[in-house]
>>> print(open('input_21.tsv').read())   # TSV, C-alpha atoms
chain	number	residue	atom	x	y	z
F	1	MET	CA	110.30	142.83	38.46
F	2	ARG	CA	111.91	145.66	36.52
F	3	TYR	CA	109.74	147.66	34.16
F	4	TRP	CA	111.72	146.78	31.00
F	5	VAL	CA	111.52	143.07	31.86
F	6	ARG	CA	107.72	143.23	32.28
F	7	GLN	CA	107.39	145.14	29.00
F	8	GLU	CA	109.59	142.65	27.13
F	9	VAL	CA	107.66	139.66	28.49
F	10	ARG	CA	104.34	141.31	27.51
F	11	ARG	CA	105.70	142.01	24.02
F	12	ARG	CA	106.81	138.39	23.56
F	13	VAL	CA	103.50	136.99	24.85
F	14	ALA	CA	101.51	139.23	22.47
F	15	LYS	CA	103.73	138.23	19.54
F	16	PHE	CA	103.41	134.50	20.34
F	17	LYS	CA	99.58	134.46	19.85
F	18	LEU	CA	98.80	131.22	21.70
F	19	ARG	CA	95.50	129.60	20.66
F	20	GLU	CA	93.13	128.40	23.34
F	21	PRO	CA	92.12	125.95	24.63
F	22	CYS	CA	95.67	124.80	25.17
F	23	ALA	CA	97.72	122.53	27.40
F	24	VAL	CA	101.22	123.08	28.73
F	25	MET	CA	103.63	120.17	28.41
F	26	HIS	CA	106.97	120.25	30.19
F	27	VAL	CA	109.41	117.57	28.99
F	28	ARG	CA	112.70	117.41	30.82
F	29	GLN	CA	115.34	115.16	29.31
F	30	ASN	CA	118.81	116.56	28.74
F	31	ASP	CA	119.91	117.02	32.32
F	32	ILE	CA	118.69	113.64	33.58
F	33	ALA	CA	122.25	112.33	33.45
F	34	LEU	CA	123.41	115.04	35.89
F	35	HIS	CA	121.48	113.47	38.76
F	36	ASP	CA	123.53	110.71	40.37
F	37	ASN	CA	121.66	110.18	43.60
F	38	TRP	CA	118.18	109.75	42.13
F	39	ARG	CA	117.31	108.50	38.77
F	40	ARG	CA	114.79	109.46	36.14
F	41	PHE	CA	114.19	107.84	32.78
F	42	TYR	CA	113.69	109.26	29.33
F	43	TYR	CA	110.08	109.13	28.14
F	44	PRO	CA	108.97	109.97	24.60
F	45	VAL	CA	106.48	112.78	23.97
F	46	LYS	CA	103.81	110.19	23.09
F	47	ALA	CA	103.97	108.85	26.66
F	48	TYR	CA	103.11	112.34	27.98
F	49	ILE	CA	100.17	112.53	25.56
F	50	ASP	CA	98.95	109.09	26.65
F	51	THR	CA	99.12	110.16	30.32
F	52	ALA	CA	96.84	113.13	29.66
F	53	GLU	CA	94.64	111.71	26.90
F	54	ASP	CA	91.48	111.75	29.04
F	55	ALA	CA	91.81	115.42	29.95
F	56	ILE	CA	92.93	116.47	26.44
F	57	LYS	CA	89.79	114.93	24.94
F	58	ALA	CA	87.44	116.16	27.66
F	59	MET	CA	88.72	119.74	27.35
F	60	GLY	CA	88.86	119.80	23.56
F	61	ILE	CA	92.54	120.71	23.51
F	62	HIS	CA	94.25	120.96	20.13
F	63	THR	CA	97.16	123.27	20.98
F	64	ILE	CA	100.07	122.26	23.20
F	65	LEU	CA	102.66	124.71	24.50
F	66	LEU	CA	105.85	122.67	24.76
F	67	MET	CA	108.41	123.67	27.37
F	68	THR	CA	111.75	121.90	26.94
F	69	ASP	CA	115.49	122.47	26.54
F	70	SER	CA	115.75	119.38	24.33
F	71	ALA	CA	115.89	119.74	20.54
F	72	GLU	CA	115.00	116.04	20.23
F	73	VAL	CA	111.74	116.63	22.08
F	74	ILE	CA	110.80	119.29	19.51
F	75	ASP	CA	111.67	116.83	16.72
F	76	GLU	CA	109.43	114.16	18.33
F	77	ALA	CA	106.52	116.59	18.76
F	78	LYS	CA	106.64	117.62	15.10
F	79	LYS	CA	105.88	114.00	14.16
F	80	ILE	CA	102.66	113.93	16.22
F	81	GLU	CA	100.26	115.71	13.91
F	82	ASP	CA	97.16	115.49	16.12
F	83	PHE	CA	98.05	118.80	17.78
F	84	GLU	CA	99.23	122.27	16.98
F	85	TRP	CA	102.60	122.30	18.77
F	86	ARG	CA	103.94	125.63	19.96
F	87	TRP	CA	107.30	126.37	21.59
F	88	MET	CA	109.45	129.40	22.21
F	89	PRO	CA	112.18	129.89	19.65
F	90	LYS	CA	115.42	129.50	21.58
F	91	HIS	CA	118.69	127.60	21.64
F	92	ARG	CA	118.26	124.00	22.81
F	93	PHE	CA	120.60	121.18	23.78
F	94	ARG	CA	120.99	118.02	21.70
F	95	ARG	CA	121.49	114.67	23.45
F	96	ASN	CA	124.97	114.38	22.02
F	97	SER	CA	125.89	117.72	23.67
F	98	LYS	CA	127.72	117.52	26.95
F	99	VAL	CA	125.55	119.13	29.62
F	100	THR	CA	127.17	120.21	32.89
F	101	PHE	CA	126.03	122.27	35.85
F	102	GLU	CA	128.50	124.95	34.74
F	103	ASP	CA	126.84	125.20	31.31
F	104	GLN	CA	123.13	125.24	32.06
F	105	PHE	CA	121.98	127.81	29.52
F	106	PRO	CA	121.78	126.52	25.93
F	107	SER	CA	121.97	130.08	24.57
F	108	GLY	CA	124.90	131.02	26.79
F	109	SER	CA	122.91	134.10	27.87
F	110	PRO	CA	121.35	134.06	31.36
F	111	LYS	CA	119.45	137.26	30.47
F	112	GLU	CA	117.82	135.71	27.38
F	113	GLU	CA	117.04	132.45	29.19
F	114	THR	CA	115.39	134.41	32.02
F	115	LEU	CA	113.22	136.34	29.55
F	116	VAL	CA	112.22	133.09	27.83
F	117	LEU	CA	111.32	131.45	31.16
F	118	LEU	CA	109.23	134.41	32.31
F	119	THR	CA	107.48	134.47	28.94
F	120	LEU	CA	106.79	130.73	29.16
F	121	PHE	CA	105.30	131.13	32.65
F	122	GLN	CA	103.02	133.88	31.37
F	123	LEU	CA	101.99	131.83	28.32
F	124	ALA	CA	101.39	128.78	30.53
F	125	SER	CA	98.93	130.78	32.60
F	126	GLU	CA	96.71	131.03	29.51
F	127	CYS	CA	96.34	127.24	29.24
F	128	ARG	CA	93.82	124.90	30.90
F	129	LEU	CA	95.91	121.76	31.54
F	130	PHE	CA	99.45	121.00	32.73
F	131	ILE	CA	101.25	117.83	31.56
F	132	GLY	CA	104.74	117.04	32.81
F	133	GLY	CA	107.20	114.89	34.66
F	134	VAL	CA	108.57	115.30	38.15
F	135	SER	CA	110.62	118.49	38.31
F	136	GLY	CA	111.03	121.71	40.23
F	137	PHE	CA	110.57	123.75	37.05
F	138	GLY	CA	107.36	121.94	36.18
F	139	THR	CA	106.03	122.50	39.69
F	140	LEU	CA	106.87	126.20	39.48
F	141	ALA	CA	105.19	126.52	36.07
F	142	TYR	CA	102.06	124.80	37.40
F	143	ARG	CA	101.94	126.99	40.51
F	144	TYR	CA	102.20	130.05	38.29
F	145	MET	CA	99.24	128.70	36.29
F	146	CYS	CA	97.28	128.37	39.53
F	147	LEU	CA	98.03	131.92	40.60
F	148	ALA	CA	97.10	133.33	37.23
F	149	HIS	CA	93.83	131.37	37.00
F	150	THR	CA	92.48	132.03	40.47
F	151	LYS	CA	93.33	133.15	43.96
F	152	ASN	CA	91.85	129.93	45.31
F	153	VAL	CA	94.39	127.08	45.07
F	154	TRP	CA	91.56	124.55	45.02
F	155	ASP	CA	90.55	125.83	41.57
F	156	CYS	CA	93.89	125.14	39.87
F	157	PRO	CA	93.84	123.74	36.32
F	158	PRO	CA	94.02	119.94	36.04
F	159	VAL	CA	97.46	118.34	36.02
F	160	ARG	CA	98.74	115.03	34.65
F	161	VAL	CA	102.15	113.92	35.93
F	162	LEU	CA	104.23	111.21	34.33
F	163	ASP	CA	106.41	109.42	36.89
F	164	GLN	CA	109.86	109.38	35.33
F	165	HIS	CA	111.28	107.37	38.22
F	166	LYS	CA	109.71	104.23	36.74
F	167	GLU	CA	111.55	102.63	33.85
F	168	TYR	CA	109.78	103.24	30.55
F	169	SER	CA	108.27	100.03	29.19
F	170	GLY	CA	107.20	101.33	25.77
F	171	SER	CA	109.43	101.86	22.78
F	172	HIS	CA	111.60	104.85	21.95
F	173	GLU	CA	112.45	105.92	18.46
F	174	LYS	CA	116.02	106.69	19.61
F	175	THR	CA	116.68	105.45	23.09
F	176	ASP	CA	119.37	106.95	25.25
F	177	PRO	CA	122.08	104.27	25.67
F	178	ARG	CA	122.37	105.09	29.38
F	179	GLN	CA	118.82	103.77	29.90
F	180	ASN	CA	119.30	100.50	28.02
F	181	ARG	CA	120.48	97.76	30.40
F	182	SER	CA	122.12	95.83	27.56
F	183	SER	CA	124.22	98.83	26.52
F	184	LYS	CA	127.85	99.22	27.54
F	185	HIS	CA	126.88	102.81	28.44
F	186	PHE	CA	124.18	101.84	30.97
F	187	GLY	CA	124.30	104.16	33.97
F	188	GLN	CA	127.04	106.44	32.62
F	189	ARG	CA	126.71	110.18	33.14
F	190	HIS	CA	127.66	111.26	29.62
F	191	VAL	CA	127.75	109.40	26.34
F	192	ASP	CA	128.78	110.72	22.95
F	193	ARG	CA	126.21	109.25	20.61
F	194	GLU	CA	127.17	107.85	17.26
F	195	ASP	CA	123.97	108.55	15.26
>>> encode(input="input_21.tsv", output="structure tokens")
Amino acid sequence: MRYWVRQEVRRRVAKFKLREPCAVMHVRQNDIALHDNWRRFYYPVKAYIDTAEDAIKAMGIHTILLMTDSAEVIDEAKKIEDFEWRWMPKHRFRRNSKVTFEDQFPSGSPKEETLVLLTLFQLASECRLFIGGVSGFGTLAYRYMCLAHTKNVWDCPPVRVLDQHKEYSGSHEKTDPRQNRSSKHFGQRHVDRED
């Protein structure tokens, strides 16, 4: 990695001042509609908390580092006052934004997005628990945590994975109409919401 990149990531990590003990939570939502051949469902932030409740209590975690490209996820987290929620300041998608493979970076800057991702990986390595859904990014973040914690992969931090391939049976504050079987939008790739 180039020297200036390492220095910038170190500067951002130092400025962030993450409190420990902490957990990392990766919530992936906005690009779910891009996947035609396998399907994942939207889950609210509370479902992720419920999945990891045992470990959160056992480890005395009060700070959660939230990794997401969804502005709605940030809005949901702010309403759960049991934790100190931390996230990187960056541009994020809204569910009513059209997301395509050609437009993957909310900021429009691959350089800035890369710096944010590298900073998030470094911050994640300071935490004791990983909470997330099924995703390549989440797996990479967790593996980075393992490498930073120890050279022995058997001593990786605990992980709690929420299976987004199963339809969510709880209640959403604002459900995505593509996931509601009674909606005329069920199964569509993109829906302009009328909220």
>>> atom_distance(input="input_21.tsv", atom1="atom CA of Asp54 of chain F", atom2="atom CA of Cys127 of chain F")
16.2 Å
>>> atom_distance(input="input_21.tsv", atom1="atom CA of Val134 of chain F", atom2="atom CA of Asp69 of chain F")
15.3 Å
>>> atom_distance(input="input_21.tsv", atom1="atom CA of Met145 of chain F", atom2="atom CA of Glu126 of chain F")
7.6 Å
>>> closest_residue(input="input_21.tsv", among="F:Arg19, F:Ala47, F:Arg92, F:Leu115", to="Ser70 of chain F", atoms="only C-alpha atoms")
F:Arg92
>>> residues_around(input="input_21.tsv", residues="Phe121 of chain F", least_positions_apart="6", cutoff="9 Å", atoms="all atoms listed in the file", output="list in words")
Leu140, Ala141, Tyr142, Tyr144 and Met145 of chain F
>>> residues_around(input="input_21.tsv", residues="Thr139 of chain F", least_positions_apart="6", cutoff="10 Å", atoms="all atoms listed in the file", output="VMD selection string")
chain F and resid 26 130 132 to 133 145
>>> closest_residue(input="input_21.tsv", among="F:Ile61, F:Leu129, F:Ala124, F:Ala71", to="Pro157 of chain F", atoms="only C-alpha atoms")
F:Leu129
>>> closest_residue(input="input_21.tsv", among="F:Val9, F:Leu117, F:Val27, F:Leu18", to="Pro44 of chain F", atoms="only C-alpha atoms")
F:Val27
>>> residues_near_point(input="input_21.tsv", point="(94.7, 114.2, 14.9)", cutoff="12 Å", atoms="only C-alpha atoms", output="PyMOL selection string")
chain F and resi 56-57+60-63+79-85
>>> axis_aligned_box(input="input_21.tsv", around="segment 109-116 of chain F", padding_each_side="4 Å", output="AutoDock Vina command-line options")
--center_x 117.6 --center_y 134.9 --center_z 29.7 --size_x 18.7 --size_y 12.8 --size_z 12.6
